[in-house]
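Everything below concerns the one structure shown next.
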Amino acid sequence: MIVTTAQLFKIAYGKYAIGAYNINNLEQTVGLFQGNVQSKAPFIIQLSRGARKYTDKRYLEAMIRTSQDVFPEAIFAVHLDHGDEQTCYDCIASGFYSSVMIDASHEPFEKNAEITKRVVDKAHARGVSVEAELGMLGGVEEDIVGNVCLTDPAEAKTFVEMTKCDSLAVAIGTSHGAYKFKAEPGKKFGLHFEVIEAIQKLLPGYPMVMHGSSSVPKDEVDRINKAGGKMQETSGVPEGDFLPAAKLGVCKVNIDTDGRLVWTRVHREFFRDHPEKFDLRDPGKVYIEEYAKMMAHKNQALGSAGQLDDVRAKLGKK
Ligand code: G3H
Ligand code: 13P
Ligand code: ZN
């Protein structure tokens, strides 16, 4: 069942966070549904502009629609990840998306607010909710290579009041991709909980979103390298930080890179161990299973595992 992102946030706020997972192909879609249904978790499917361009965006929609029939017990929202204004309008008009993200965080405050407000007006008229971003994460955001610039809590309050956006992606020290934290002398390492706390004080009950939340597990990187990969030593967001962040109002936690690492590990190991094989379905099956396991593991850390019956009951009461 597709629900609105706002419905999920209302139920989860202050208790746990909903995993927002990116998909690009069939194997990811099946693994995503299997893992979330098995761990009884509500979830958010994220489609990036890159995913929509990879083949034809209609395949993504068709796979999600089919998954609804295959997994009738699943409760989830469909979200555009890191949209520009035009892509937001396209998704709003399609009638398929629960929510869109307008990412104008690379623009100065006033321009960001102006663009976000235009998208909010169009989205709300069609019952779609809007995630905006204020501050800048490090790493690559689609075409944008940004420097880290933490969200200013007072600005966050003004921005939300000005734009009426439904949730806000906040820059709290994370960045996209596999290479997140670099220990540098005199620099704070890890999540800036004080920023989340300050925003919650100014905007109580308001849902925050944490991007760049992959944990880039060391054993995953080691396995990739042992199977011929050449990844550098790295670290990501500790999974133990998810729940404390959720208690402070982070309702959505975005994870993409960790799923890519699972894909790389599975395929590198598979062809190393079975050099005679060439049927794409053989590693595909392993990947589906491993991606499903990753989902279940993440949901446990987010606190969303086991919440499905409660979510269903609460949605039913409305
Ligand atoms: O934050 C970006 C997401 O990981 C999506 O990445 O643009 O390569 O699909 P992508
Ligand atoms: P990661 O690169 O840490 O998985 O972040 C994904 C993300 O923020 C998608 O919007
Ligand atoms: Zn992101």
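Starting from 1 in every chain, residues are counted up; chains themselves are A, B, ... following the order of the structure tokens, and ligands are numbered from 1 as listed.
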For Phe76 in chain A, list every protein, DNA or RNA residue within 8 Å, evaluated using only C-alpha atoms, and leave out those in the same chain fewer than 5 positions away; present the list as a PyMOL selection string. chain A and resi 1-4+42-45
Give me the chain A side of the contact with ligand 2, cut-off 7 Å, one line per residue showing its nearest atom pair and distance in Å at one decimal, counting only C-alpha atoms and all ligand atoms, sorted by chain and residue number, as a tab-separated table.
```
residue	atom	partner	partner_atom_place_in_ligand_line	distance
A:Asn22	CA	ligand 2	9 (C)	6.8
A:Asp81	CA	ligand 2	10 (O)	5.6
A:His82	CA	ligand 2	10 (O)	6.4
A:Ser175	CA	ligand 2	3 (O)	6.4
A:His176	CA	ligand 2	2 (O)	3.8
A:Gly177	CA	ligand 2	2 (O)	3.7
A:Ala178	CA	ligand 2	2 (O)	6.4
A:His211	CA	ligand 2	8 (O)	3.5
A:Gly212	CA	ligand 2	3 (O)	3.1
A:Ser213	CA	ligand 2	3 (O)	4.1
A:Ser214	CA	ligand 2	3 (O)	3.8
A:Asn254	CA	ligand 2	7 (C)	4.6
A:Ile255	CA	ligand 2	4 (O)	3.8
A:Asp256	CA	ligand 2	4 (O)	3.4
A:Thr257	CA	ligand 2	4 (O)	3.7
A:Asp258	CA	ligand 2	4 (O)	5.8
```
Keeping only N, CA, C and O atoms, take the residues you just selected and write them out as a PDB file, in the first residue's frame.
```
ATOM      1  N   ASN A  22      17.271   3.912  -1.944  1.00  0.00           N
ATOM      2  CA  ASN A  22      17.260   4.196  -3.394  1.00  0.00           C
ATOM      3  C   ASN A  22      17.244   2.905  -4.197  1.00  0.00           C
ATOM      4  O   ASN A  22      17.923   1.944  -3.844  1.00  0.00           O
ATOM      5  N   ASP A  81      14.146  11.720  -4.980  1.00  0.00           N
ATOM      6  CA  ASP A  81      15.350  12.091  -4.220  1.00  0.00           C
ATOM      7  C   ASP A  81      16.136  13.164  -4.984  1.00  0.00           C
ATOM      8  O   ASP A  81      16.395  13.008  -6.180  1.00  0.00           O
ATOM      9  N   HIS A  82      16.508  14.236  -4.314  1.00  0.00           N
ATOM     10  CA  HIS A  82      17.331  15.309  -4.903  1.00  0.00           C
ATOM     11  C   HIS A  82      16.796  15.818  -6.243  1.00  0.00           C
ATOM     12  O   HIS A  82      17.504  15.813  -7.261  1.00  0.00           O
ATOM     13  N   SER A 175      27.845  13.192   4.648  1.00  0.00           N
ATOM     14  CA  SER A 175      28.032  13.514   3.231  1.00  0.00           C
ATOM     15  C   SER A 175      27.672  12.286   2.413  1.00  0.00           C
ATOM     16  O   SER A 175      27.595  11.181   2.942  1.00  0.00           O
ATOM     17  N   HIS A 176      27.467  12.481   1.124  1.00  0.00           N
ATOM     18  CA  HIS A 176      27.061  11.361   0.270  1.00  0.00           C
ATOM     19  C   HIS A 176      28.259  10.497  -0.129  1.00  0.00           C
ATOM     20  O   HIS A 176      29.392  10.943  -0.088  1.00  0.00           O
ATOM     21  N   GLY A 177      27.960   9.260  -0.517  1.00  0.00           N
ATOM     22  CA  GLY A 177      28.986   8.391  -1.077  1.00  0.00           C
ATOM     23  C   GLY A 177      29.735   7.579  -0.043  1.00  0.00           C
ATOM     24  O   GLY A 177      29.357   7.524   1.134  1.00  0.00           O
ATOM     25  N   ALA A 178      30.825   6.955  -0.481  1.00  0.00           N
ATOM     26  CA  ALA A 178      31.541   6.010   0.382  1.00  0.00           C
ATOM     27  C   ALA A 178      32.570   6.682   1.286  1.00  0.00           C
ATOM     28  O   ALA A 178      32.974   6.133   2.298  1.00  0.00           O
ATOM     29  N   HIS A 211      20.421  12.897   5.228  1.00  0.00           N
ATOM     30  CA  HIS A 211      21.000  12.325   4.000  1.00  0.00           C
ATOM     31  C   HIS A 211      22.375  11.751   4.323  1.00  0.00           C
ATOM     32  O   HIS A 211      22.901  11.926   5.408  1.00  0.00           O
ATOM     33  N   GLY A 212      22.945  11.075   3.346  1.00  0.00           N
ATOM     34  CA  GLY A 212      24.320  10.572   3.496  1.00  0.00           C
ATOM     35  C   GLY A 212      24.483   9.665   4.696  1.00  0.00           C
ATOM     36  O   GLY A 212      25.463   9.764   5.429  1.00  0.00           O
ATOM     37  N   SER A 213      23.517   8.749   4.900  1.00  0.00           N
ATOM     38  CA  SER A 213      23.504   7.984   6.153  1.00  0.00           C
ATOM     39  C   SER A 213      24.036   6.559   6.033  1.00  0.00           C
ATOM     40  O   SER A 213      23.845   5.756   6.948  1.00  0.00           O
ATOM     41  N   SER A 214      24.685   6.241   4.925  1.00  0.00           N
ATOM     42  CA  SER A 214      25.282   4.902   4.832  1.00  0.00           C
ATOM     43  C   SER A 214      26.389   4.777   5.867  1.00  0.00           C
ATOM     44  O   SER A 214      27.062   5.757   6.195  1.00  0.00           O
ATOM     45  N   ASN A 254      18.367   8.432   4.849  1.00  0.00           N
ATOM     46  CA  ASN A 254      18.616   8.055   3.447  1.00  0.00           C
ATOM     47  C   ASN A 254      19.835   7.153   3.300  1.00  0.00           C
ATOM     48  O   ASN A 254      20.945   7.528   3.719  1.00  0.00           O
ATOM     49  N   ILE A 255      19.626   6.005   2.686  1.00  0.00           N
ATOM     50  CA  ILE A 255      20.720   5.036   2.521  1.00  0.00           C
ATOM     51  C   ILE A 255      20.750   4.529   1.087  1.00  0.00           C
ATOM     52  O   ILE A 255      19.791   3.923   0.616  1.00  0.00           O
ATOM     53  N   ASP A 256      21.839   4.778   0.413  1.00  0.00           N
ATOM     54  CA  ASP A 256      22.015   4.307  -0.959  1.00  0.00           C
ATOM     55  C   ASP A 256      23.352   3.579  -1.117  1.00  0.00           C
ATOM     56  O   ASP A 256      23.427   2.432  -1.562  1.00  0.00           O
ATOM     57  N   THR A 257      24.421   4.248  -0.722  1.00  0.00           N
ATOM     58  CA  THR A 257      25.775   3.707  -0.933  1.00  0.00           C
ATOM     59  C   THR A 257      25.940   2.291  -0.366  1.00  0.00           C
ATOM     60  O   THR A 257      26.537   1.420  -1.019  1.00  0.00           O
ATOM     61  N   ASP A 258      25.430   2.027   0.815  1.00  0.00           N
ATOM     62  CA  ASP A 258      25.609   0.687   1.409  1.00  0.00           C
ATOM     63  C   ASP A 258      25.021  -0.406   0.517  1.00  0.00           C
ATOM     64  O   ASP A 258      25.562  -1.509   0.437  1.00  0.00           O
TER      65      ASP A 258
END
```
As number ranges by chain, please: every protein or nucleic acid residue near ligand 3 (cut-off 12 Å, counting only C-alpha atoms and all ligand atoms). A: 20-22, 46-49, 79-83, 101-103, 105, 131-133, 136-144, 146, 168-171, 174-177, 209-214, 252-257
Separation of CA of Lys201 in chain A and CA of Val250 in chain A, in Å? 12.9 Å
Nearest residue to Val30 in chain A from the set A:Leu315, A:Ile224, A:Ala292, A:Val216 (distances using only C-alpha atoms): A:Ala292
Using DSSP on the backbone, list every residue of range 75-256 of chain A that comes out as strand (DSSP E or B), and give them as a ChimeraX atom specification. /A:76-83,99-102,129-134,136,138-141,144-146,149,167-170,175,208-210,250-255
Non-local contacts of Ala305 in chain A (12 Å; only C-alpha atoms; under 3 positions in same chain excluded) as a JSON list (two decimals) with all heavy atoms, in the first residue's frame:
```
[["chain", "number", "residue", "atom", "x", "y", "z"],
["A", 12, "ALA", "N", 5.91, 7.95, 13.19],
["A", 12, "ALA", "CA", 7.26, 7.60, 13.68],
["A", 12, "ALA", "C", 7.90, 8.69, 14.54],
["A", 12, "ALA", "O", 8.79, 8.39, 15.35],
["A", 12, "ALA", "CB", 8.15, 7.32, 12.47],
["A", 16, "TYR", "N", 11.09, 6.44, 16.20],
["A", 16, "TYR", "CA", 12.03, 5.73, 15.33],
["A", 16, "TYR", "C", 12.11, 6.48, 13.99],
["A", 16, "TYR", "O", 11.36, 7.44, 13.77],
["A", 16, "TYR", "CB", 11.61, 4.27, 15.12],
["A", 16, "TYR", "CG", 10.23, 4.06, 14.53],
["A", 16, "TYR", "CD1", 10.04, 3.96, 13.15],
["A", 16, "TYR", "CD2", 9.10, 3.98, 15.34],
["A", 16, "TYR", "CE1", 8.78, 3.77, 12.61],
["A", 16, "TYR", "CE2", 7.83, 3.78, 14.81],
["A", 16, "TYR", "CZ", 7.68, 3.68, 13.44],
["A", 16, "TYR", "OH", 6.43, 3.49, 12.90],
["A", 17, "ALA", "N", 13.01, 6.04, 13.12],
["A", 17, "ALA", "CA", 13.13, 6.68, 11.80],
["A", 17, "ALA", "C", 12.76, 5.68, 10.72],
["A", 17, "ALA", "O", 12.89, 4.47, 10.90],
["A", 17, "ALA", "CB", 14.56, 7.19, 11.59],
["A", 18, "ILE", "N", 12.28, 6.22, 9.60],
["A", 18, "ILE", "CA", 11.92, 5.37, 8.46],
["A", 18, "ILE", "C", 13.12, 5.32, 7.51],
["A", 18, "ILE", "O", 13.69, 6.36, 7.16],
["A", 18, "ILE", "CB", 10.72, 5.98, 7.68],
["A", 18, "ILE", "CG1", 9.60, 6.44, 8.61],
["A", 18, "ILE", "CG2", 10.23, 5.02, 6.60],
["A", 18, "ILE", "CD1", 8.65, 5.40, 9.08],
["A", 19, "GLY", "N", 13.48, 4.12, 7.07],
["A", 19, "GLY", "CA", 14.57, 3.96, 6.11],
["A", 19, "GLY", "C", 14.11, 4.41, 4.73],
["A", 19, "GLY", "O", 13.04, 4.01, 4.27],
["A", 35, "GLY", "N", 13.06, -7.56, 2.02],
["A", 35, "GLY", "CA", 13.71, -7.23, 3.29],
["A", 35, "GLY", "C", 12.80, -6.44, 4.21],
["A", 35, "GLY", "O", 12.76, -6.69, 5.42],
["A", 36, "ASN", "N", 12.05, -5.50, 3.65],
["A", 36, "ASN", "CA", 11.18, -4.67, 4.50],
["A", 36, "ASN", "C", 9.96, -5.45, 4.98],
["A", 36, "ASN", "O", 9.53, -5.29, 6.13],
["A", 36, "ASN", "CB", 10.78, -3.40, 3.76],
["A", 36, "ASN", "CG", 11.91, -2.39, 3.74],
["A", 36, "ASN", "OD1", 12.28, -1.84, 4.77],
["A", 36, "ASN", "ND2", 12.51, -2.19, 2.58],
["A", 37, "VAL", "N", 9.43, -6.31, 4.11],
["A", 37, "VAL", "CA", 8.28, -7.11, 4.53],
["A", 37, "VAL", "C", 8.71, -8.14, 5.59],
["A", 37, "VAL", "O", 8.07, -8.29, 6.62],
["A", 37, "VAL", "CB", 7.61, -7.79, 3.31],
["A", 37, "VAL", "CG1", 6.66, -8.88, 3.72],
["A", 37, "VAL", "CG2", 6.88, -6.73, 2.48],
["A", 38, "GLN", "N", 9.88, -8.77, 5.34],
["A", 38, "GLN", "CA", 10.37, -9.75, 6.32],
["A", 38, "GLN", "C", 10.62, -9.10, 7.68],
["A", 38, "GLN", "O", 10.36, -9.70, 8.71],
["A", 38, "GLN", "CB", 11.66, -10.41, 5.83],
["A", 38, "GLN", "CG", 11.42, -11.60, 4.91],
["A", 38, "GLN", "CD", 12.66, -11.93, 4.06],
["A", 38, "GLN", "OE1", 13.77, -11.45, 4.32],
["A", 38, "GLN", "NE2", 12.46, -12.74, 3.03],
["A", 39, "SER", "N", 11.14, -7.89, 7.70],
["A", 39, "SER", "CA", 11.42, -7.25, 9.00],
["A", 39, "SER", "C", 10.25, -6.41, 9.48],
["A", 39, "SER", "O", 10.35, -5.69, 10.46],
["A", 39, "SER", "CB", 12.70, -6.43, 8.94],
["A", 39, "SER", "OG", 12.54, -5.33, 8.09],
["A", 40, "LYS", "N", 9.13, -6.52, 8.78],
["A", 40, "LYS", "CA", 7.88, -5.85, 9.19],
["A", 40, "LYS", "C", 8.09, -4.35, 9.42],
["A", 40, "LYS", "O", 7.74, -3.81, 10.49],
["A", 40, "LYS", "CB", 7.30, -6.52, 10.43],
["A", 40, "LYS", "CG", 6.69, -7.90, 10.15],
["A", 40, "LYS", "CD", 6.03, -8.46, 11.40],
["A", 40, "LYS", "CE", 4.90, -9.40, 11.10],
["A", 40, "LYS", "NZ", 3.64, -8.79, 10.74],
["A", 41, "ALA", "N", 8.67, -3.70, 8.43],
["A", 41, "ALA", "CA", 8.97, -2.27, 8.58],
["A", 41, "ALA", "C", 8.28, -1.45, 7.49],
["A", 41, "ALA", "O", 8.27, -1.85, 6.33],
["A", 41, "ALA", "CB", 10.47, -2.05, 8.49],
["A", 42, "PRO", "N", 7.75, -0.27, 7.86],
["A", 42, "PRO", "CA", 7.33, 0.68, 6.82],
["A", 42, "PRO", "C", 8.60, 1.25, 6.20],
["A", 42, "PRO", "O", 9.65, 1.28, 6.85],
["A", 42, "PRO", "CB", 6.59, 1.75, 7.62],
["A", 42, "PRO", "CG", 7.20, 1.70, 8.98],
["A", 42, "PRO", "CD", 7.61, 0.27, 9.21],
["A", 43, "PHE", "N", 8.55, 1.71, 4.97],
["A", 43, "PHE", "CA", 9.78, 2.22, 4.33],
["A", 43, "PHE", "C", 9.44, 3.25, 3.25],
["A", 43, "PHE", "O", 8.27, 3.43, 2.90],
["A", 43, "PHE", "CB", 10.60, 1.06, 3.74],
["A", 43, "PHE", "CG", 9.90, 0.25, 2.67],
["A", 43, "PHE", "CD1", 10.18, 0.46, 1.32],
["A", 43, "PHE", "CD2", 8.95, -0.71, 3.01],
["A", 43, "PHE", "CE1", 9.53, -0.29, 0.33],
["A", 43, "PHE", "CE2", 8.31, -1.46, 2.04],
["A", 43, "PHE", "CZ", 8.60, -1.26, 0.70],
["A", 295, "MET", "N", 18.51, -4.62, 4.30],
["A", 295, "MET", "CA", 17.32, -3.84, 4.68],
["A", 295, "MET", "C", 16.88, -4.17, 6.11],
["A", 295, "MET", "O", 16.64, -3.29, 6.92],
["A", 295, "MET", "CB", 16.12, -4.21, 3.78],
["A", 295, "MET", "CG", 16.22, -3.83, 2.37],
["A", 295, "MET", "SD", 16.06, -2.09, 2.20],
["A", 295, "MET", "CE", 17.52, -1.76, 1.29],
["A", 296, "ALA", "N", 16.79, -5.50, 6.36],
["A", 296, "ALA", "CA", 16.31, -5.95, 7.68],
["A", 296, "ALA", "C", 17.25, -5.45, 8.77],
["A", 296, "ALA", "O", 16.82, -4.99, 9.83],
["A", 296, "ALA", "CB", 16.21, -7.47, 7.69],
["A", 297, "HIS", "N", 18.55, -5.49, 8.49],
["A", 297, "HIS", "CA", 19.55, -5.04, 9.45],
["A", 297, "HIS", "C", 19.42, -3.53, 9.71],
["A", 297, "HIS", "O", 19.43, -3.07, 10.85],
["A", 297, "HIS", "CB", 20.94, -5.40, 8.91],
["A", 297, "HIS", "CG", 22.06, -4.84, 9.70],
["A", 297, "HIS", "ND1", 22.54, -5.45, 10.84],
["A", 297, "HIS", "CD2", 22.78, -3.69, 9.55],
["A", 297, "HIS", "CE1", 23.51, -4.70, 11.35],
["A", 297, "HIS", "NE2", 23.67, -3.63, 10.58],
["A", 298, "LYS", "N", 19.26, -2.77, 8.65],
["A", 298, "LYS", "CA", 19.13, -1.30, 8.79],
["A", 298, "LYS", "C", 17.86, -0.96, 9.58],
["A", 298, "LYS", "O", 17.87, -0.08, 10.44],
["A", 298, "LYS", "CB", 19.07, -0.62, 7.42],
["A", 298, "LYS", "CG", 20.32, -0.71, 6.60],
["A", 298, "LYS", "CD", 21.44, 0.15, 7.16],
["A", 298, "LYS", "CE", 22.70, 0.01, 6.32],
["A", 298, "LYS", "NZ", 23.89, 0.55, 7.00],
["A", 299, "ASN", "N", 16.78, -1.65, 9.24],
["A", 299, "ASN", "CA", 15.50, -1.35, 9.91],
["A", 299, "ASN", "C", 15.59, -1.60, 11.42],
["A", 299, "ASN", "O", 14.96, -0.90, 12.21],
["A", 299, "ASN", "CB", 14.37, -2.17, 9.30],
["A", 299, "ASN", "CG", 14.09, -1.76, 7.87],
["A", 299, "ASN", "OD1", 14.40, -0.64, 7.47],
["A", 299, "ASN", "ND2", 13.50, -2.66, 7.09],
["A", 300, "GLN", "N", 16.37, -2.63, 11.77],
["A", 300, "GLN", "CA", 16.59, -2.91, 13.19],
["A", 300, "GLN", "C", 17.25, -1.70, 13.85],
["A", 300, "GLN", "O", 16.83, -1.24, 14.91],
["A", 300, "GLN", "CB", 17.51, -4.15, 13.29],
["A", 300, "GLN", "CG", 17.37, -4.96, 14.57],
["A", 300, "GLN", "CD", 15.99, -5.57, 14.73],
["A", 300, "GLN", "OE1", 15.47, -6.14, 13.77],
["A", 300, "GLN", "NE2", 15.40, -5.43, 15.90],
["A", 301, "ALA", "N", 18.30, -1.19, 13.21],
["A", 301, "ALA", "CA", 19.03, -0.05, 13.78],
["A", 301, "ALA", "C", 18.18, 1.23, 13.80],
["A", 301, "ALA", "O", 18.32, 2.06, 14.70],
["A", 301, "ALA", "CB", 20.31, 0.19, 12.97],
["A", 302, "LEU", "N", 17.28, 1.37, 12.83],
["A", 302, "LEU", "CA", 16.44, 2.57, 12.75],
["A", 302, "LEU", "C", 15.27, 2.52, 13.72],
["A", 302, "LEU", "O", 14.63, 3.53, 14.00],
["A", 302, "LEU", "CB", 15.88, 2.72, 11.33],
["A", 302, "LEU", "CG", 16.88, 3.03, 10.22],
["A", 302, "LEU", "CD1", 16.28, 2.76, 8.85],
["A", 302, "LEU", "CD2", 17.34, 4.49, 10.32],
["A", 308, "LEU", "N", 5.23, -2.55, 11.51],
["A", 308, "LEU", "CA", 4.23, -2.57, 10.43],
["A", 308, "LEU", "C", 2.79, -2.70, 10.93],
["A", 308, "LEU", "O", 1.90, -2.00, 10.45],
["A", 308, "LEU", "CB", 4.57, -3.71, 9.47],
["A", 308, "LEU", "CG", 4.12, -3.52, 8.03],
["A", 308, "LEU", "CD1", 4.59, -2.22, 7.44],
["A", 308, "LEU", "CD2", 4.62, -4.68, 7.17],
["A", 309, "ASP", "N", 2.57, -3.60, 11.91],
["A", 309, "ASP", "CA", 1.19, -3.80, 12.39],
["A", 309, "ASP", "C", 0.66, -2.54, 13.07],
["A", 309, "ASP", "O", -0.50, -2.15, 12.89],
["A", 309, "ASP", "CB", 1.12, -5.00, 13.35],
["A", 309, "ASP", "CG", 1.40, -6.30, 12.60],
["A", 309, "ASP", "OD1", 1.20, -6.32, 11.36],
["A", 309, "ASP", "OD2", 1.82, -7.29, 13.25],
["A", 310, "ASP", "N", 1.54, -1.90, 13.85],
["A", 310, "ASP", "CA", 1.14, -0.66, 14.51],
["A", 310, "ASP", "C", 0.82, 0.43, 13.48],
["A", 310, "ASP", "O", -0.17, 1.16, 13.63],
["A", 310, "ASP", "CB", 2.29, -0.21, 15.45],
["A", 310, "ASP", "CG", 1.96, 1.07, 16.17],
["A", 310, "ASP", "OD1", 0.98, 1.06, 16.96],
["A", 310, "ASP", "OD2", 2.65, 2.09, 15.95],
["A", 311, "VAL", "N", 1.65, 0.53, 12.46],
["A", 311, "VAL", "CA", 1.43, 1.54, 11.40],
["A", 311, "VAL", "C", 0.10, 1.26, 10.72],
["A", 311, "VAL", "O", -0.72, 2.17, 10.51],
["A", 311, "VAL", "CB", 2.59, 1.54, 10.37],
["A", 311, "VAL", "CG1", 2.26, 2.38, 9.15],
["A", 311, "VAL", "CG2", 3.88, 2.03, 11.02]]
```
Pick the closest to ligand 1 from A:Gln7, A:His124, A:Glu73, A:Leu261: which is it, counting only C-alpha atoms and all ligand atoms?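 The closest residue to ligand 1 is A:Leu261.
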Name all residues at most 12 Å from range 270-285 of chain A (count only C-alpha atoms; drop same-chain ones fewer than 4 positions away) and give them as a PDB file with C-alpha atoms, in the first residue's frame.
```
ATOM      1  CA  ASN A  25      16.844  -1.878 -11.062  1.00  0.00           C
ATOM      2  CA  LEU A  26      14.728  -5.000 -10.633  1.00  0.00           C
ATOM      3  CA  GLU A  27      17.011  -6.885  -8.240  1.00  0.00           C
ATOM      4  CA  GLN A  28      17.128  -3.908  -5.868  1.00  0.00           C
ATOM      5  CA  THR A  29      13.352  -3.528  -6.050  1.00  0.00           C
ATOM      6  CA  VAL A  30      12.699  -7.174  -5.153  1.00  0.00           C
ATOM      7  CA  GLY A  31      15.341  -7.199  -2.390  1.00  0.00           C
ATOM      8  CA  ARG A 223      35.460  -8.152   1.185  1.00  0.00           C
ATOM      9  CA  ILE A 224      35.262  -5.970  -1.944  1.00  0.00           C
ATOM     10  CA  ASN A 225      39.015  -5.367  -1.820  1.00  0.00           C
ATOM     11  CA  LYS A 226      39.791  -9.043  -1.194  1.00  0.00           C
ATOM     12  CA  ALA A 227      37.784  -9.889  -4.295  1.00  0.00           C
ATOM     13  CA  GLY A 228      39.784  -7.498  -6.495  1.00  0.00           C
ATOM     14  CA  GLY A 229      38.348  -4.091  -5.545  1.00  0.00           C
ATOM     15  CA  VAL A 262      26.526  -5.040  -1.285  1.00  0.00           C
ATOM     16  CA  TRP A 263      26.046  -5.214  -5.069  1.00  0.00           C
ATOM     17  CA  THR A 264      29.779  -4.805  -5.709  1.00  0.00           C
ATOM     18  CA  ARG A 265      30.775  -7.364  -3.065  1.00  0.00           C
ATOM     19  CA  VAL A 266      28.256  -9.957  -4.275  1.00  0.00           C
ATOM     20  CA  GLU A 289      18.903 -12.048  -0.807  1.00  0.00           C
ATOM     21  CA  GLU A 290      21.830 -10.000   0.462  1.00  0.00           C
ATOM     22  CA  TYR A 291      20.086  -6.681  -0.206  1.00  0.00           C
ATOM     23  CA  ALA A 292      17.018  -7.961   1.660  1.00  0.00           C
TER      24      ALA A 292
END
```
Out of A:Val70, A:Ala156, A:Ala51, A:Val120, which residue has the shortest atom-to-atom distance to ligand 1 when counting only C-alpha atoms and all ligand atoms? A:Ala51
As a VMD selection string, list the residues of range 41-231 of chain A assigned to helix (DSSP H, G or I) by DSSP on the backbone atoms of this structure. chain A and resid 49 to 54 57 to 70 85 to 94 109 to 125 153 to 163 193 to 202 218 to 226
Hey, what's within 9 Å of Glu114 in chain A if we count only C-alpha atoms and toss same-chain stuff fewer than 4 positions away? As an MDAnalysis selection string, please? chainID A and resid 109:110 118:119 162:163
Take the residues just selected and output them with N, CA and C atoms as a JSON list (two decimals), in the first residue's frame.
```
[["chain", "number", "residue", "atom", "x", "y", "z"],
["A", 109, "PHE", "N", 20.21, 31.46, 0.42],
["A", 109, "PHE", "CA", 19.00, 31.23, 1.22],
["A", 109, "PHE", "C", 17.72, 31.72, 0.54],
["A", 110, "GLU", "N", 17.73, 32.99, 0.11],
["A", 110, "GLU", "CA", 16.49, 33.58, -0.45],
["A", 110, "GLU", "C", 16.02, 32.84, -1.70],
["A", 118, "ARG", "N", 7.72, 27.73, -4.53],
["A", 118, "ARG", "CA", 7.00, 27.46, -5.80],
["A", 118, "ARG", "C", 6.63, 25.98, -5.90],
["A", 119, "VAL", "N", 7.58, 25.12, -5.53],
["A", 119, "VAL", "CA", 7.33, 23.66, -5.61],
["A", 119, "VAL", "C", 6.28, 23.26, -4.58],
["A", 162, "MET", "N", 8.70, 30.26, 6.00],
["A", 162, "MET", "CA", 8.55, 30.95, 4.71],
["A", 162, "MET", "C", 8.00, 30.04, 3.63],
["A", 163, "THR", "N", 8.48, 28.79, 3.60],
["A", 163, "THR", "CA", 8.18, 27.92, 2.45],
["A", 163, "THR", "C", 7.04, 26.95, 2.70]]
```
A:Lys164, A:His106, A:Arg260, A:Arg126: which is nearest ligand 1, counting only C-alpha atoms and all ligand atoms? A:Arg260
Please determine, counting only C-alpha atoms, which residue among A:Arg58, A:Lys180, A:Lys117, A:Lys247 has the shortest atom-to-atom distance to Glu85 in chain A.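 Counting only C-alpha atoms, the residue closest to Glu85 in chain A is A:Lys117.
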Which value, in Å to one decimal, gives the distance between CA of Gln200 in chain A and CA of Glu239 in chain A?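 So the answer is 20.9 Å.
The closest residue to ligand 1, picked from A:Gly50, A:Pro108, A:Gly303, A:Gly14 and counting only C-alpha atoms and all ligand atoms, is A:Gly50.
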In Å, rounded to a single decimal, give me how far CA of Ser215 in chain A is from CA of Val130 in chain A.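 Between CA of Val130 in chain A and CA of Ser215 in chain A the gap works out to 25.9 Å.
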